[in-house]
$ cat entry_35.cif   # mmCIF, C-alpha atoms and all ligand atoms
data_upload
loop_
_atom_site.label_atom_id
_atom_site.label_comp_id
_atom_site.auth_asym_id
_atom_site.auth_seq_id
_atom_site.Cartn_x
_atom_site.Cartn_y
_atom_site.Cartn_z
CA MET A 275 36.24 -62.62 -61.60
CA SER A 276 35.92 -59.33 -59.70
CA SER A 277 33.28 -59.14 -56.99
CA LEU A 278 30.13 -57.17 -57.60
CA PRO A 279 29.63 -53.97 -55.61
CA SER A 280 26.60 -54.56 -53.40
CA THR A 281 25.57 -50.95 -52.91
CA ILE A 282 24.80 -49.79 -56.41
CA SER A 283 21.69 -47.63 -56.39
CA ASN A 284 18.51 -49.18 -57.69
CA SER A 285 18.35 -47.03 -60.83
CA GLY A 286 22.02 -47.84 -61.44
CA ARG A 287 21.20 -51.53 -61.19
CA TRP A 288 18.34 -51.23 -63.67
CA LEU A 289 20.55 -49.32 -66.12
CA ARG A 290 23.20 -51.98 -65.77
CA ARG A 291 20.64 -54.71 -66.31
CA THR A 292 19.58 -53.05 -69.56
CA ARG A 293 23.19 -52.72 -70.68
CA HIS A 294 23.94 -56.35 -69.79
CA SER A 295 20.86 -57.51 -71.70
CA VAL A 296 22.45 -55.99 -74.82
CA THR A 297 26.02 -57.12 -74.18
CA HIS A 298 25.46 -60.53 -72.51
CA GLY A 299 21.79 -61.47 -72.99
CA MET A 300 18.70 -61.48 -70.80
CA ALA A 301 19.52 -64.50 -68.64
CA TYR A 302 22.95 -63.13 -67.66
CA ALA A 303 21.49 -59.66 -67.04
CA ALA A 304 18.73 -60.99 -64.76
CA LEU A 305 21.08 -63.22 -62.77
CA ARG A 306 23.59 -60.43 -62.27
CA PHE A 307 20.85 -57.96 -61.34
CA TYR A 308 19.52 -60.17 -58.54
CA ILE A 309 22.96 -61.27 -57.34
CA SER A 310 23.82 -57.59 -56.82
CA SER A 311 20.63 -56.90 -54.89
CA PRO A 312 21.41 -54.54 -51.96
CA THR A 313 19.28 -56.73 -49.67
CA PRO A 314 19.01 -60.51 -49.22
CA LEU A 315 16.65 -61.89 -51.88
CA ASP A 316 13.30 -63.15 -50.73
CA ALA A 317 13.48 -66.94 -51.16
CA LYS A 318 9.91 -67.38 -52.39
CA PHE A 319 10.39 -64.67 -54.98
CA ALA A 320 13.75 -66.07 -56.15
CA TRP A 321 12.36 -69.58 -56.61
CA GLN A 322 9.27 -68.40 -58.47
CA TYR A 323 11.13 -65.89 -60.62
CA PHE A 324 13.91 -68.19 -61.81
CA THR A 325 11.79 -71.33 -62.28
CA ARG A 326 8.83 -69.72 -64.02
CA LYS A 327 7.99 -70.95 -67.49
CA GLN A 328 8.48 -68.13 -69.99
CA ALA A 329 6.13 -67.60 -72.90
CA PRO A 330 7.65 -69.52 -75.87
CA PHE A 331 8.44 -66.28 -77.73
CA ILE A 332 10.34 -64.80 -74.75
CA GLN A 333 12.16 -68.10 -74.15
CA SER A 334 13.24 -68.18 -77.79
CA LEU A 335 14.64 -64.64 -77.43
CA ILE A 336 16.52 -65.66 -74.28
CA ASP A 337 17.88 -68.73 -76.06
CA ALA A 338 18.89 -66.91 -79.24
CA TYR A 339 20.77 -63.95 -77.81
CA PRO A 340 23.68 -63.26 -77.52
CA PHE A 341 24.25 -64.66 -81.01
CA ALA A 342 26.60 -67.62 -81.45
CA PHE A 343 29.57 -65.48 -82.59
CA GLN A 344 29.13 -63.16 -79.57
CA ARG A 345 29.02 -66.14 -77.21
CA ARG A 346 32.25 -67.42 -78.72
CA LEU A 347 33.96 -64.08 -78.13
CA LEU A 348 32.62 -63.71 -74.60
CA MET A 349 33.60 -67.27 -73.69
CA ALA A 350 37.10 -66.86 -75.15
CA ARG A 351 37.68 -64.09 -72.59
CA TRP A 352 36.32 -66.10 -69.66
CA LEU A 353 38.21 -69.23 -70.62
CA LYS A 354 41.51 -67.36 -70.34
CA GLN A 355 41.35 -67.81 -66.59
CA SER A 356 42.78 -70.94 -65.04
CA HIS A 357 40.62 -73.74 -63.70
CA ALA A 358 42.10 -73.04 -60.27
CA GLN A 359 40.73 -69.46 -60.32
CA GLY A 360 37.24 -70.64 -61.29
CA ILE A 361 37.22 -73.38 -58.65
CA GLU A 362 38.43 -71.01 -55.94
CA TYR A 363 35.72 -68.49 -56.84
CA HIS A 364 32.94 -71.05 -56.54
CA TYR A 365 34.13 -73.43 -53.81
CA ASP A 366 36.48 -71.55 -51.50
CA VAL A 367 33.79 -69.39 -49.91
CA SER A 368 33.42 -71.19 -46.55
CA ASN A 369 33.12 -74.88 -45.68
CA GLU A 370 30.67 -73.93 -42.92
CA PHE A 371 28.44 -72.29 -45.52
CA TYR A 372 28.21 -75.51 -47.56
CA LYS A 373 27.32 -77.40 -44.38
CA LEU A 374 24.20 -75.26 -44.11
CA PHE A 375 22.59 -76.83 -47.14
CA LEU A 376 24.38 -80.05 -48.12
CA ASP A 377 23.38 -83.41 -46.61
CA ARG A 378 24.58 -83.78 -43.04
CA ASP A 379 26.06 -87.27 -43.44
CA PHE A 380 28.47 -86.86 -46.35
CA MET A 381 28.34 -83.29 -47.76
CA PHE A 382 27.83 -84.51 -51.31
CA TYR A 383 27.67 -81.58 -53.73
CA SER A 384 26.20 -83.60 -56.58
CA CYS A 385 22.83 -84.97 -57.68
CA ALA A 386 21.14 -87.34 -55.18
CA ASP A 387 18.67 -90.13 -55.98
CA PHE A 388 15.26 -89.22 -54.56
CA SER A 389 12.67 -91.95 -54.94
CA SER A 390 9.77 -89.95 -53.47
CA ASP A 391 8.92 -86.52 -52.03
CA HIS A 392 9.24 -88.03 -48.56
CA ASP A 393 12.93 -88.87 -48.86
CA SER A 394 15.32 -86.71 -46.89
CA LEU A 395 18.39 -85.34 -48.65
CA GLU A 396 20.46 -87.67 -46.44
CA ILE A 397 18.57 -90.77 -47.60
CA ALA A 398 18.71 -89.67 -51.24
CA GLN A 399 22.47 -89.00 -51.13
CA ARG A 400 23.17 -92.37 -49.53
CA ARG A 401 21.06 -94.07 -52.21
CA LYS A 402 23.09 -92.29 -54.90
CA ALA A 403 26.37 -93.25 -53.23
CA ASP A 404 25.25 -96.89 -53.04
CA HIS A 405 24.31 -96.84 -56.72
CA LEU A 406 27.72 -95.43 -57.62
CA LEU A 407 29.33 -98.25 -55.61
CA SER A 408 27.19 -100.93 -57.24
CA LEU A 409 28.22 -99.75 -60.72
CA ILE A 410 31.86 -100.86 -60.34
CA ALA A 411 31.92 -102.73 -56.99
CA PRO A 412 35.16 -101.36 -55.51
CA ALA A 413 37.03 -103.78 -53.23
CA ALA A 414 39.74 -103.54 -50.58
CA GLY A 415 43.23 -103.50 -52.08
CA GLU A 416 42.12 -101.89 -55.36
CA ARG A 417 43.73 -98.55 -56.11
CA ILE A 418 40.92 -96.02 -56.50
CA LEU A 419 41.16 -92.40 -57.62
CA GLU A 420 38.44 -89.80 -57.25
CA LEU A 421 38.68 -86.78 -59.54
CA GLY A 422 37.08 -83.76 -57.83
CA CYS A 423 36.63 -85.25 -54.38
CA GLY A 424 34.73 -82.30 -52.84
CA TRP A 425 34.50 -82.60 -49.07
CA GLY A 426 35.47 -86.29 -49.11
CA SER A 427 31.95 -87.72 -49.40
CA MET A 428 32.65 -90.59 -51.83
CA LEU A 429 36.06 -91.31 -50.30
CA ARG A 430 34.32 -91.78 -46.96
CA HIS A 431 31.66 -94.01 -48.48
CA LEU A 432 34.32 -96.09 -50.22
CA HIS A 433 36.28 -96.38 -46.98
CA GLU A 434 33.12 -97.37 -45.06
CA THR A 435 32.49 -100.10 -47.64
CA THR A 436 35.95 -101.56 -48.28
CA GLY A 437 37.64 -100.70 -44.96
CA ASP A 438 40.71 -99.71 -47.01
CA LYS A 439 41.89 -96.10 -46.75
CA GLU A 440 45.45 -96.46 -48.03
CA SER A 441 44.38 -97.33 -51.59
CA LEU A 442 42.18 -94.24 -51.99
CA THR A 443 43.31 -90.93 -53.52
CA GLY A 444 41.24 -87.80 -54.04
CA MET A 445 42.00 -84.76 -56.17
CA THR A 446 40.59 -81.27 -55.92
CA LEU A 447 41.56 -77.73 -56.86
CA SER A 448 39.84 -76.25 -53.82
CA LYS A 449 42.29 -75.46 -51.03
CA GLU A 450 39.46 -75.39 -48.49
CA GLN A 451 38.26 -78.85 -49.50
CA ALA A 452 41.76 -80.35 -49.55
CA ARG A 453 42.50 -79.02 -46.06
CA TYR A 454 39.14 -80.22 -44.73
CA VAL A 455 39.40 -83.74 -46.15
CA ARG A 456 43.01 -84.22 -45.02
CA GLU A 457 42.58 -82.79 -41.53
CA LYS A 458 39.16 -84.18 -40.70
CA PHE A 459 39.35 -87.62 -42.32
CA GLY A 460 43.05 -88.24 -43.02
CA PHE A 461 42.61 -89.14 -46.70
CA ASN A 462 45.33 -88.76 -49.28
CA VAL A 463 44.23 -85.69 -51.26
CA ARG A 464 46.19 -84.07 -54.07
CA LEU A 465 45.59 -80.35 -54.55
CA GLU A 466 46.13 -80.53 -58.30
CA ASP A 467 44.40 -79.95 -61.60
CA PHE A 468 43.26 -83.40 -62.72
CA ILE A 469 43.25 -82.21 -66.34
CA THR A 470 46.89 -81.16 -66.57
CA THR A 471 48.50 -83.53 -64.07
CA ASP A 472 50.48 -86.60 -65.15
CA TYR A 473 49.22 -90.05 -64.10
CA ALA A 474 51.51 -93.07 -63.82
CA PRO A 475 50.50 -95.66 -66.46
CA ALA A 476 48.28 -98.55 -65.30
CA SER A 477 48.20 -97.23 -61.74
CA TYR A 478 44.48 -97.38 -60.86
CA ASP A 479 41.92 -100.17 -60.81
CA LYS A 480 38.98 -97.79 -60.65
CA ILE A 481 38.32 -94.09 -61.11
CA TYR A 482 35.34 -92.03 -59.98
CA SER A 483 34.37 -88.55 -61.03
CA ILE A 484 31.16 -87.27 -59.49
CA GLY A 485 30.03 -83.82 -60.57
CA ALA A 486 33.51 -82.88 -61.81
CA MET A 487 33.34 -83.32 -65.61
CA GLU A 488 31.07 -80.26 -65.79
CA HIS A 489 34.20 -78.21 -65.13
CA VAL A 490 36.16 -79.79 -67.98
CA ARG A 491 36.04 -77.65 -71.12
CA PRO A 492 35.02 -79.23 -74.45
CA ASP A 493 38.51 -79.40 -75.96
CA GLU A 494 39.95 -80.88 -72.75
CA ILE A 495 37.63 -83.90 -72.58
CA LEU A 496 39.33 -86.17 -75.11
CA PRO A 497 42.91 -85.53 -73.87
CA LEU A 498 41.73 -86.10 -70.30
CA LEU A 499 39.95 -89.36 -71.13
CA ARG A 500 43.07 -90.59 -73.00
CA LYS A 501 45.19 -89.90 -69.92
CA LEU A 502 42.69 -91.61 -67.65
CA ARG A 503 42.51 -94.63 -69.93
CA ASP A 504 46.30 -94.95 -69.72
CA ALA A 505 46.14 -94.52 -65.93
CA LEU A 506 43.76 -97.49 -65.64
CA LYS A 507 45.01 -101.05 -65.28
CA PRO A 508 43.81 -103.56 -67.93
CA ASN A 509 40.00 -103.91 -67.66
CA GLY A 510 40.00 -100.94 -65.28
CA ARG A 511 36.69 -99.15 -64.85
CA MET A 512 35.57 -95.56 -64.43
CA VAL A 513 32.32 -94.00 -63.29
CA HIS A 514 31.54 -90.53 -64.56
CA HIS A 515 28.50 -88.84 -63.05
CA PHE A 516 27.94 -85.43 -64.66
CA PHE A 517 25.41 -83.35 -66.50
CA SER A 518 25.75 -82.43 -70.14
CA LEU A 519 23.87 -80.55 -72.83
CA ASN A 520 20.99 -82.08 -74.76
CA ILE A 521 21.09 -79.26 -77.26
CA GLY A 522 23.97 -78.08 -79.44
CA TRP A 523 27.16 -76.30 -78.51
CA ARG A 524 27.41 -73.21 -76.32
CA PRO A 525 23.77 -72.25 -75.64
CA ALA A 526 23.06 -68.74 -74.30
CA SER A 527 22.86 -70.18 -70.77
CA THR A 528 26.63 -70.80 -71.00
CA VAL A 529 27.15 -67.04 -70.74
CA ALA A 530 24.89 -66.66 -67.69
CA GLY A 531 26.56 -69.72 -66.16
CA GLN A 532 29.86 -67.81 -65.95
CA LEU A 533 28.42 -65.89 -63.00
CA ILE A 534 28.23 -69.14 -61.04
CA PHE A 535 31.02 -71.32 -62.49
CA PRO A 536 33.49 -68.94 -64.16
CA GLY A 537 35.81 -70.67 -66.61
CA SER A 538 33.66 -73.81 -67.03
CA GLU A 539 31.83 -74.74 -70.22
CA LEU A 540 29.44 -77.67 -70.69
CA SER A 541 29.56 -80.01 -73.70
CA PRO A 542 26.80 -81.92 -75.48
CA HIS A 543 26.35 -85.48 -74.24
CA SER A 544 27.23 -86.81 -77.69
CA HIS A 545 30.65 -85.16 -77.36
CA HIS A 546 31.35 -87.10 -74.14
CA LEU A 547 30.37 -90.37 -75.81
CA TRP A 548 32.47 -89.59 -78.88
CA ALA A 549 35.49 -88.72 -76.70
CA ALA A 550 35.14 -91.98 -74.73
CA ARG A 551 35.17 -94.01 -77.96
CA GLU A 552 38.12 -92.08 -79.36
CA ALA A 553 40.03 -92.60 -76.11
CA GLY A 554 39.55 -96.37 -76.23
CA LEU A 555 36.93 -96.62 -73.50
CA GLU A 556 33.79 -98.70 -73.89
CA VAL A 557 30.67 -97.18 -72.36
CA VAL A 558 28.85 -100.11 -70.76
CA HIS A 559 26.31 -98.15 -68.71
CA ASP A 560 24.57 -94.78 -69.25
CA SER A 561 21.70 -93.94 -66.90
CA THR A 562 19.93 -90.62 -66.40
CA HIS A 563 18.83 -89.15 -63.07
CA ASP A 564 16.65 -86.22 -62.02
CA TYR A 565 18.68 -83.38 -60.47
CA ARG A 566 15.68 -81.19 -59.65
CA PRO A 567 14.76 -82.58 -56.19
CA THR A 568 18.36 -82.14 -55.01
CA LEU A 569 18.50 -78.53 -56.19
CA ARG A 570 15.19 -77.84 -54.48
CA ALA A 571 16.39 -79.43 -51.23
CA TRP A 572 19.64 -77.38 -51.22
CA PHE A 573 17.66 -74.22 -51.93
CA ASN A 574 15.18 -74.86 -49.10
CA ARG A 575 17.96 -75.54 -46.60
CA LEU A 576 19.94 -72.49 -47.64
CA ALA A 577 16.87 -70.24 -47.39
CA LYS A 578 16.10 -71.66 -43.96
CA ASN A 579 19.63 -70.86 -42.80
CA ARG A 580 19.67 -67.40 -44.33
CA ASP A 581 20.97 -65.45 -41.32
CA ARG A 582 23.89 -67.77 -40.64
CA ALA A 583 24.70 -67.90 -44.36
CA LEU A 584 24.84 -64.11 -44.49
CA GLU A 585 27.19 -64.06 -41.50
CA LEU A 586 29.46 -66.61 -43.15
CA VAL A 587 29.65 -65.42 -46.74
CA GLY A 588 27.97 -62.03 -46.98
CA LEU A 589 25.17 -60.72 -49.13
CA GLU A 590 26.46 -61.21 -52.66
CA THR A 591 27.46 -64.86 -52.24
CA TYR A 592 24.21 -65.66 -50.44
CA ASN A 593 22.21 -64.10 -53.27
CA ARG A 594 24.36 -65.88 -55.86
CA TYR A 595 23.49 -69.32 -54.48
CA LEU A 596 19.87 -68.34 -54.02
CA VAL A 597 19.60 -67.64 -57.76
CA PHE A 598 21.90 -70.49 -58.79
CA PHE A 599 19.72 -73.36 -57.50
CA PRO A 600 16.43 -72.30 -59.14
CA SER A 601 18.08 -71.30 -62.43
CA ALA A 602 19.85 -74.69 -62.57
CA TRP A 603 16.52 -76.36 -61.70
CA ALA A 604 14.92 -74.56 -64.66
CA MET A 605 17.66 -75.75 -67.05
CA PHE A 606 16.90 -79.36 -66.08
CA ASP A 607 13.17 -78.69 -66.25
CA ARG A 608 13.49 -77.32 -69.80
CA ASN A 609 15.48 -80.44 -70.68
CA GLU A 610 18.42 -78.32 -71.73
CA VAL A 611 20.73 -80.50 -69.62
CA THR A 612 20.52 -84.02 -68.16
CA LEU A 613 22.44 -85.79 -65.43
CA HIS A 614 24.10 -89.01 -66.66
CA ARG A 615 26.03 -91.77 -64.96
CA LEU A 616 28.45 -93.54 -67.27
CA VAL A 617 30.52 -96.62 -66.64
CA MET A 618 33.50 -96.87 -68.96
CA VAL A 619 35.82 -99.84 -69.33
CA LYS A 620 39.38 -99.74 -70.64
CA GLN A 621 39.61 -101.55 -73.99
C1 LIG B 701 30.49 -80.26 -57.79
S1 LIG B 701 31.91 -80.67 -56.86
C2 LIG B 701 31.62 -82.37 -56.57
C3 LIG B 701 32.38 -82.87 -55.38
C4 LIG B 701 32.16 -84.34 -55.01
N1 LIG B 701 32.56 -85.23 -56.06
C5 LIG B 701 30.73 -84.59 -54.58
O1 LIG B 701 30.03 -85.35 -55.27
O2 LIG B 701 30.34 -84.03 -53.58
C6 LIG B 701 33.20 -80.65 -58.10
C7 LIG B 701 34.59 -81.01 -57.59
O3 LIG B 701 35.49 -81.09 -58.71
C8 LIG B 701 36.69 -80.42 -58.39
N2 LIG B 701 37.33 -80.00 -59.65
C9 LIG B 701 36.75 -79.42 -60.71
N3 LIG B 701 37.65 -79.25 -61.70
C10 LIG B 701 38.83 -79.73 -61.24
C11 LIG B 701 40.14 -79.86 -61.79
N4 LIG B 701 40.41 -79.44 -63.03
N5 LIG B 701 41.11 -80.44 -61.04
C12 LIG B 701 40.84 -80.88 -59.77
N6 LIG B 701 39.62 -80.79 -59.20
C13 LIG B 701 38.63 -80.23 -59.92
C14 LIG B 701 36.26 -79.29 -57.47
O4 LIG B 701 37.36 -78.79 -56.74
C15 LIG B 701 35.22 -80.02 -56.62
O5 LIG B 701 35.87 -80.73 -55.61
#

$ encode --input "entry_35.cif" --output "structure tokens"
Amino acid sequence: MSSLPSTISNSGRWLRRTRHSVTHGMAYAALRFYISSPTPLDAKFAWQYFTRKQAPFIQSLIDAYPFAFQRRLLMARWLKQSHAQGIEYHYDVSNEFYKLFLDRDFMFYSCADFSSDHDSLEIAQRRKADHLLSLIAPAAGERILELGCGWGSMLRHLHETTGDKESLTGMTLSKEQARYVREKFGFNVRLEDFITTDYAPASYDKIYSIGAMEHVRPDEILPLLRKLRDALKPNGRMVHHFFSLNIGWRPASTVAGQLIFPGSELSPHSHHLWAAREAGLEVVHDSTHDYRPTLRAWFNRLAKNRDRALELVGLETYNRYLVFFPSAWAMFDRNEVTLHRLVMVKQ
């Protein structure tokens, strides 16, 4: 995706917003308008603007347009790009930038478990990590794979728990993440697409994917789950922590979402469950978790570190994240998407 020029005149930006409302819908047009702001967005404004409840009539217009056939055409263009391009666009901006808002202990970039308003992000992320451990109780000597290992957060937590580093493997498509996790922590990380790669049969006892299935496109889910099932040893277990749609296919927000995660498309939750069954995996656990406090915490930390963030990534990327967190918060608040944790067992 090409970068947005940051110095378009104000009237030019308004004209473009109008044009984008017609070609891509109101949500996309508003996001793009504020991302291309010639000045850093005011945090209070951004939060209020993107989390405000619309009048039902306006919300139904936002949800209905672009029409389904237009969304299909628009998405077909975006989905031509490789996963690697989309991942690079989102993640390879600066590891230091992510440190400004992620939890200081692990750098998890996925939903934490807050139990009250008083929890710090660090406490909430550790609670989440412990829950993920408790779901499949990994042990030393078991071969464990993490799909989409980010900055090594779960690998580190697994290592802390089992004391076994040699049996752990992470995969990511972000060059920055792979370099960071290898150099800083010495884990075995494969810089590969976990969708297209080949896995040796019956080679893993356990598999984690935490916040990675959101990047897997609808028609890739079943083939991926079949491969993962074959990669598991008999009775092998997988944990998938991801958010999925509660409403039908390809809502209008999918189009706006391309500004943040180009080349990714969410699926309905029922599609994930169907694919697991078809692949020969039994879903033995499915819990839901509230993503909103995590998004709010990341937003607050980013806004607090505005000046350093601008130095590290520049205006457009800063503004992009400042609109991303509240608009994602609003999607969870409207119940359009929900975060699930699944445990699947090889049949
Ligand atoms: C939202 S981050 C989550 C990172 C980490 N699991 C955590 O909880 O902090 C998503 C991760 O999935 C990886 N990813 C997404 N699609 C991928 C693919 N097709 N192949 C390899 N890695 C992928 C990204 O590179 C990134 O590391």

$ closest_residue --input "entry_35.cif" --among "A:Gly510, A:Pro314, A:Gly360, A:Pro492" --to "ligand LIG 701 (chain B)" --atoms "all atoms listed in the file"
A:Gly360

$ closest_atom_pairs --input "entry_35.cif" --of "chain A" --to "ligand LIG 701 (chain B)" --cutoff "7 Å" --atoms "only C-alpha atoms and all ligand atoms" --output "Markdown table"
| residue | atom | partner | partner_atom | distance |
| --- | --- | --- | --- | --- |
| A:His357 | CA | B:LIG701 | N4 | 5.7 |
| A:Ile361 | CA | B:LIG701 | O4 | 5.7 |
| A:Tyr365 | CA | B:LIG701 | O4 | 6.9 |
| A:Met381 | CA | B:LIG701 | O2 | 6.2 |
| A:Phe382 | CA | B:LIG701 | O2 | 3.4 |
| A:Tyr383 | CA | B:LIG701 | O2 | 3.6 |
| A:Ser384 | CA | B:LIG701 | O1 | 4.4 |
| A:Leu421 | CA | B:LIG701 | N6 | 6.1 |
| A:Gly422 | CA | B:LIG701 | O3 | 3.2 |
| A:Cys423 | CA | B:LIG701 | N1 | 4.4 |
| A:Gly424 | CA | B:LIG701 | O5 | 3.4 |
| A:Trp425 | CA | B:LIG701 | O2 | 6.3 |
| A:Ser427 | CA | B:LIG701 | O2 | 5.8 |
| A:Met428 | CA | B:LIG701 | O1 | 6.8 |
| A:Met445 | CA | B:LIG701 | C12 | 5.4 |
| A:Thr446 | CA | B:LIG701 | N6 | 3.5 |
| A:Leu447 | CA | B:LIG701 | N6 | 4.3 |
| A:Ser448 | CA | B:LIG701 | O4 | 4.6 |
| A:Gln451 | CA | B:LIG701 | O5 | 6.8 |
| A:Glu466 | CA | B:LIG701 | C12 | 5.5 |
| A:Asp467 | CA | B:LIG701 | N5 | 3.4 |
| A:Phe468 | CA | B:LIG701 | N5 | 4.0 |
| A:Ile469 | CA | B:LIG701 | N4 | 5.2 |
| A:Ser483 | CA | B:LIG701 | N1 | 6.2 |
| A:Ile484 | CA | B:LIG701 | N1 | 4.2 |
| A:Gly485 | CA | B:LIG701 | C1 | 4.5 |
| A:Ala486 | CA | B:LIG701 | O3 | 4.1 |
| A:His489 | CA | B:LIG701 | N3 | 5.0 |
| A:Val490 | CA | B:LIG701 | N3 | 6.5 |

$ residues_around --input "entry_35.cif" --residues "Arg306 in chain A" --least-positions-apart "3" --cutoff "10 Å" --atoms "all atoms listed in the file" --output "PDB file with C-alpha atoms, in the frame of the given file"
ATOM      1  CA  LEU A 278      30.130 -57.170 -57.600  1.00  0.00           C
ATOM      2  CA  ARG A 287      21.200 -51.530 -61.190  1.00  0.00           C
ATOM      3  CA  ARG A 290      23.200 -51.980 -65.770  1.00  0.00           C
ATOM      4  CA  ARG A 291      20.640 -54.710 -66.310  1.00  0.00           C
ATOM      5  CA  HIS A 294      23.940 -56.350 -69.790  1.00  0.00           C
ATOM      6  CA  MET A 300      18.700 -61.480 -70.800  1.00  0.00           C
ATOM      7  CA  ALA A 301      19.520 -64.500 -68.640  1.00  0.00           C
ATOM      8  CA  TYR A 302      22.950 -63.130 -67.660  1.00  0.00           C
ATOM      9  CA  ALA A 303      21.490 -59.660 -67.040  1.00  0.00           C
ATOM     10  CA  ILE A 309      22.960 -61.270 -57.340  1.00  0.00           C
ATOM     11  CA  SER A 310      23.820 -57.590 -56.820  1.00  0.00           C
ATOM     12  CA  SER A 311      20.630 -56.900 -54.890  1.00  0.00           C
ATOM     13  CA  ALA A 530      24.890 -66.660 -67.690  1.00  0.00           C
ATOM     14  CA  LEU A 533      28.420 -65.890 -63.000  1.00  0.00           C
ATOM     15  CA  ILE A 534      28.230 -69.140 -61.040  1.00  0.00           C
ATOM     16  CA  ASN A 593      22.210 -64.100 -53.270  1.00  0.00           C
ATOM     17  CA  ARG A 594      24.360 -65.880 -55.860  1.00  0.00           C
ATOM     18  CA  VAL A 597      19.600 -67.640 -57.760  1.00  0.00           C
TER      19      VAL A 597
END

$ atom_distance --input "entry_35.cif" --atom1 "CA of Ala317 in chain A" --atom2 "CA of Asp379 in chain A"
25.1 Å

$ closest_residue --input "entry_35.cif" --among "A:Ser356, A:Ser408, A:Thr471, A:Ser389" --to "Arg491 in chain A" --atoms "all atoms listed in the file"
A:Ser356

$ atom_distance --input "entry_35.cif" --atom1 "CA of Gly554 in chain A" --atom2 "CA of Ala414 in chain A"
26.6 Å

$ closest_residue --input "entry_35.cif" --among "A:Met512, A:Leu429, A:Leu409, A:Leu613" --to "Phe380 in chain A" --atoms "all atoms listed in the file"
A:Leu429

$ residues_around --input "entry_35.cif" --residues "Ser544 in chain A" --least-positions-apart "4" --cutoff "9 Å" --atoms "only C-alpha atoms" --output "ChimeraX atom specification"
/A:518-520,548-549

$ atom_distance --input "entry_35.cif" --atom1 "CA of Tyr482 in chain A" --atom2 "CA of Thr591 in chain A"
29.3 Å

$ closest_residue --input "entry_35.cif" --among "A:Val529, A:Gly426, A:Glu416, A:Asp391" --to "Tyr454 in chain A" --atoms "all atoms listed in the file"
A:Gly426

$ closest_residue --input "entry_35.cif" --among "A:Arg430, A:Lys480, A:Arg580, A:Lys402" --to "Lys458 in chain A" --atoms "only C-alpha atoms"
A:Arg430

$ closest_residue --input "entry_35.cif" --among "A:Ala329, A:Leu498, A:Val513, A:Ala571" --to "Glu556 in chain A" --atoms "only C-alpha atoms"
A:Val513

$ residues_around --input "entry_35.cif" --residues "Thr612 in chain A" --least-positions-apart "4" --cutoff "9 Å" --atoms "all atoms listed in the file" --output "MDAnalysis selection string"
chainID A and resid 516:520 543 562:565 605:606

$ residues_around --input "entry_35.cif" --residues "Leu432 in chain A" --least-positions-apart "3" --cutoff "10 Å" --atoms "all atoms listed in the file" --output "PDB file with C-alpha atoms, keeping the file's coordinate frame"
ATOM      1  CA  ALA A 403      26.370 -93.250 -53.230  1.00  0.00           C
ATOM      2  CA  ASP A 404      25.250 -96.890 -53.040  1.00  0.00           C
ATOM      3  CA  LEU A 406      27.720 -95.430 -57.620  1.00  0.00           C
ATOM      4  CA  LEU A 407      29.330 -98.250 -55.610  1.00  0.00           C
ATOM      5  CA  ALA A 411      31.920-102.730 -56.990  1.00  0.00           C
ATOM      6  CA  PRO A 412      35.160-101.360 -55.510  1.00  0.00           C
ATOM      7  CA  ALA A 413      37.030-103.780 -53.230  1.00  0.00           C
ATOM      8  CA  ALA A 414      39.740-103.540 -50.580  1.00  0.00           C
ATOM      9  CA  ILE A 418      40.920 -96.020 -56.500  1.00  0.00           C
ATOM     10  CA  GLY A 426      35.470 -86.290 -49.110  1.00  0.00           C
ATOM     11  CA  SER A 427      31.950 -87.720 -49.400  1.00  0.00           C
ATOM     12  CA  MET A 428      32.650 -90.590 -51.830  1.00  0.00           C
ATOM     13  CA  LEU A 429      36.060 -91.310 -50.300  1.00  0.00           C
ATOM     14  CA  THR A 435      32.490-100.100 -47.640  1.00  0.00           C
ATOM     15  CA  THR A 436      35.950-101.560 -48.280  1.00  0.00           C
ATOM     16  CA  GLY A 437      37.640-100.700 -44.960  1.00  0.00           C
ATOM     17  CA  ASP A 438      40.710 -99.710 -47.010  1.00  0.00           C
ATOM     18  CA  LYS A 439      41.890 -96.100 -46.750  1.00  0.00           C
ATOM     19  CA  LEU A 442      42.180 -94.240 -51.990  1.00  0.00           C
TER      20      LEU A 442
END

$ axis_aligned_box --input "entry_35.cif" --around "range 477-494 of chain A" --padding-each-side "4 Å" --output "lines of an AutoDock Vina configuration file"
center_x = 39.1
center_y = -88.9
center_z = -67.7
size_x = 26.2
size_y = 30.5
size_z = 24.5

$ residues_around --input "entry_35.cif" --residues "Ala577 in chain A" --least-positions-apart "4" --cutoff "12 Å" --atoms "all atoms listed in the file" --output "ChimeraX atom specification"
/A:314-321,371,374-375,570-573,581-584,592-593,595-597,599-600

$ write_last_selection --input "entry_35.cif" --atoms "C-alpha atoms" --output "compact mmCIF listing (two decimals), in the coordinates of the input"
# COMPACT_ATOMS: atom_id res chain seq x y z
CA PRO A 314 19.01 -60.51 -49.22
CA LEU A 315 16.65 -61.89 -51.88
CA ASP A 316 13.30 -63.15 -50.73
CA ALA A 317 13.48 -66.94 -51.16
CA LYS A 318 9.91 -67.38 -52.39
CA PHE A 319 10.39 -64.67 -54.98
CA ALA A 320 13.75 -66.07 -56.15
CA TRP A 321 12.36 -69.58 -56.61
CA PHE A 371 28.44 -72.29 -45.52
CA LEU A 374 24.20 -75.26 -44.11
CA PHE A 375 22.59 -76.83 -47.14
CA ARG A 570 15.19 -77.84 -54.48
CA ALA A 571 16.39 -79.43 -51.23
CA TRP A 572 19.64 -77.38 -51.22
CA PHE A 573 17.66 -74.22 -51.93
CA ASP A 581 20.97 -65.45 -41.32
CA ARG A 582 23.89 -67.77 -40.64
CA ALA A 583 24.70 -67.90 -44.36
CA LEU A 584 24.84 -64.11 -44.49
CA TYR A 592 24.21 -65.66 -50.44
CA ASN A 593 22.21 -64.10 -53.27
CA TYR A 595 23.49 -69.32 -54.48
CA LEU A 596 19.87 -68.34 -54.02
CA VAL A 597 19.60 -67.64 -57.76
CA PHE A 599 19.72 -73.36 -57.50
CA PRO A 600 16.43 -72.30 -59.14
